[in-house]
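A.B. asks: Questions regarding the structure given below will be posed in turn.
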Amino acid sequence: MAVFQIEVNGTFYEVTAQPETPLLWVLRENLGLTGTKYSCGIGQCGSCTVHLDDRAVRSCTVTIEDASQGAITTIEGLSSNGDHPLQRAWLDGQVPQCGYCQPGQLMQAAAFLKANPVATRAEIAQAMKVILCRCGTYQRILHAVEAVVAQGGGA
């Protein structure tokens with residue numbers, strides 16, 4: 001066991017864990033931040049996507065040791081009151097069906113738009129295809145991200 005200082009959603013925490021512990025479990029079990037979802041456990045589905053220094057990463061494959069080197073943002077930290085432009089677009093477009101992958105979808109979209117605020121439809125589709133949605137809400141996701149770009153809220 002080791003002690004790690006981590007920054008999550010702008011707050012610093014001290015966490016005791018094995019260095020190889022996936023960030024996902026530290027977020028959920030140690031910090032009680034359950035918005036980040038476990039699904040495949042091998043970094044393929046993207047449900048567990050969070051930001052590490054503004055990059056979208058799969059928290060099931062990033063270790064706490066590696067994550068402690070940067071600033072972590074989870075779905076809980078995307079906005080303090082759920083009014084991030086993407087969150088509003090998700091509600092306006094009735095994007096979620098079961099909702100399980102949606103935190104990962106939102107975090108992927110937020111990181112992508114931060115780097116590419118005037119993305120084209122093709123660029124959005126390419127960036128978002130890495131997060132699996134078992135309900136198949138891909139068209140609604142695409143429309144919601146496009147709406148944010150159109151409103152100038154991609155940055």
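Residues are named by chain letter and number: chains run A, B, ... in the order of the structure tokens, numbers start at 1 in each chain, and ligands are numbered from 1 in the order shown.
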Quick one: residues within 10 Å of segment 62-67 of chain A, only C-alpha atoms, excluding same-chain residues fewer than 6 positions away - as number ranges by chain?
C.D. replies: A: 2-8, 15-27, 43, 51-53
A.B. asks: List the spatial neighbours of Pro103 of chain A as a ChimeraX atom specification - criterion: any atom at most 8 Å away, only C-alpha atoms, same-chain residues fewer than 2 positions off excluded.
C.D. replies: /A:35-37,47-49,75,99-101,105-107
A.B. asks: Mind writing the picked residues with C-alpha atoms as an mmCIF file, in the first residue's frame?
C.D. replies:
```cif
data_model
loop_
_atom_site.group_PDB
_atom_site.id
_atom_site.type_symbol
_atom_site.label_atom_id
_atom_site.label_comp_id
_atom_site.auth_asym_id
_atom_site.auth_seq_id
_atom_site.Cartn_x
_atom_site.Cartn_y
_atom_site.Cartn_z
ATOM 1 C CA GLY A 35 -20.968 8.744 -11.523
ATOM 2 C CA THR A 36 -18.037 7.068 -13.278
ATOM 3 C CA LYS A 37 -19.326 3.652 -14.316
ATOM 4 C CA SER A 47 -18.270 4.017 -19.743
ATOM 5 C CA CYS A 48 -15.577 4.853 -17.197
ATOM 6 C CA THR A 49 -14.145 7.829 -19.116
ATOM 7 C CA ILE A 75 -18.724 13.608 -14.433
ATOM 8 C CA GLY A 99 -28.153 6.159 -19.261
ATOM 9 C CA TYR A 100 -25.384 3.796 -18.181
ATOM 10 C CA CYS A 101 -22.784 4.970 -20.723
ATOM 11 C CA GLN A 105 -20.199 9.871 -23.444
ATOM 12 C CA LEU A 106 -20.350 13.306 -21.837
ATOM 13 C CA MET A 107 -16.750 13.196 -20.646
#
```
A.B. asks: List the spatial neighbours of segment 133-135 of chain A as a list in words - criterion: any atom at most 10 Å away, only C-alpha atoms, same-chain residues fewer than 2 positions off excluded.
C.D. replies: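 Neighbouring residues, sequence-local ones excluded: Cys45, Gly46, Ser47, Pro96, Gln97, Cys98, Gly99, Tyr100, Cys101, Gln102, Gly104, Gln105, Lys129, Val130, Ile131, Thr137, Tyr138 and Ile141 of chain A.
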A.B. asks: Please extract the residues of chain A with a backbone DSSP assignment of strand (DSSP E or B) and present them as a list in words.
C.D. replies: Ala2, Val3, Phe4, Gln5, Ile6, Glu7, Val8, Thr11, Phe12, Tyr13, Glu14, Val15, Thr16, Ala17, Pro22, Thr49, Val50, His51, Leu52, Arg55, Ala56, Val57, Arg58, Thr63, Ala71, Ile72 and Thr73 of chain A
A.B. asks: Could you check the closest approach to Thr73 of chain A for each of A:Gly136, A:Gly93, A:Gly152, A:Gly10 and tell me which residue wins, using only C-alpha atoms?
C.D. replies: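 That would be A:Gly10, the residue with the smallest distance to Thr73 of chain A.
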A.B. asks: Chain A: which residues are alpha helix (DSSP H) by DSSP, as an MDAnalysis selection string?
C.D. replies: chainID A and resid 23:25 64:67 85:92 102:115 121:128 138:150
A.B. asks: Can you measure atom CA of Ala110 of chain A to atom CA of Val50 of chain A for me? One decimal in Å is fine.
C.D. replies: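 Interatomic distance here is 9.9 Å.
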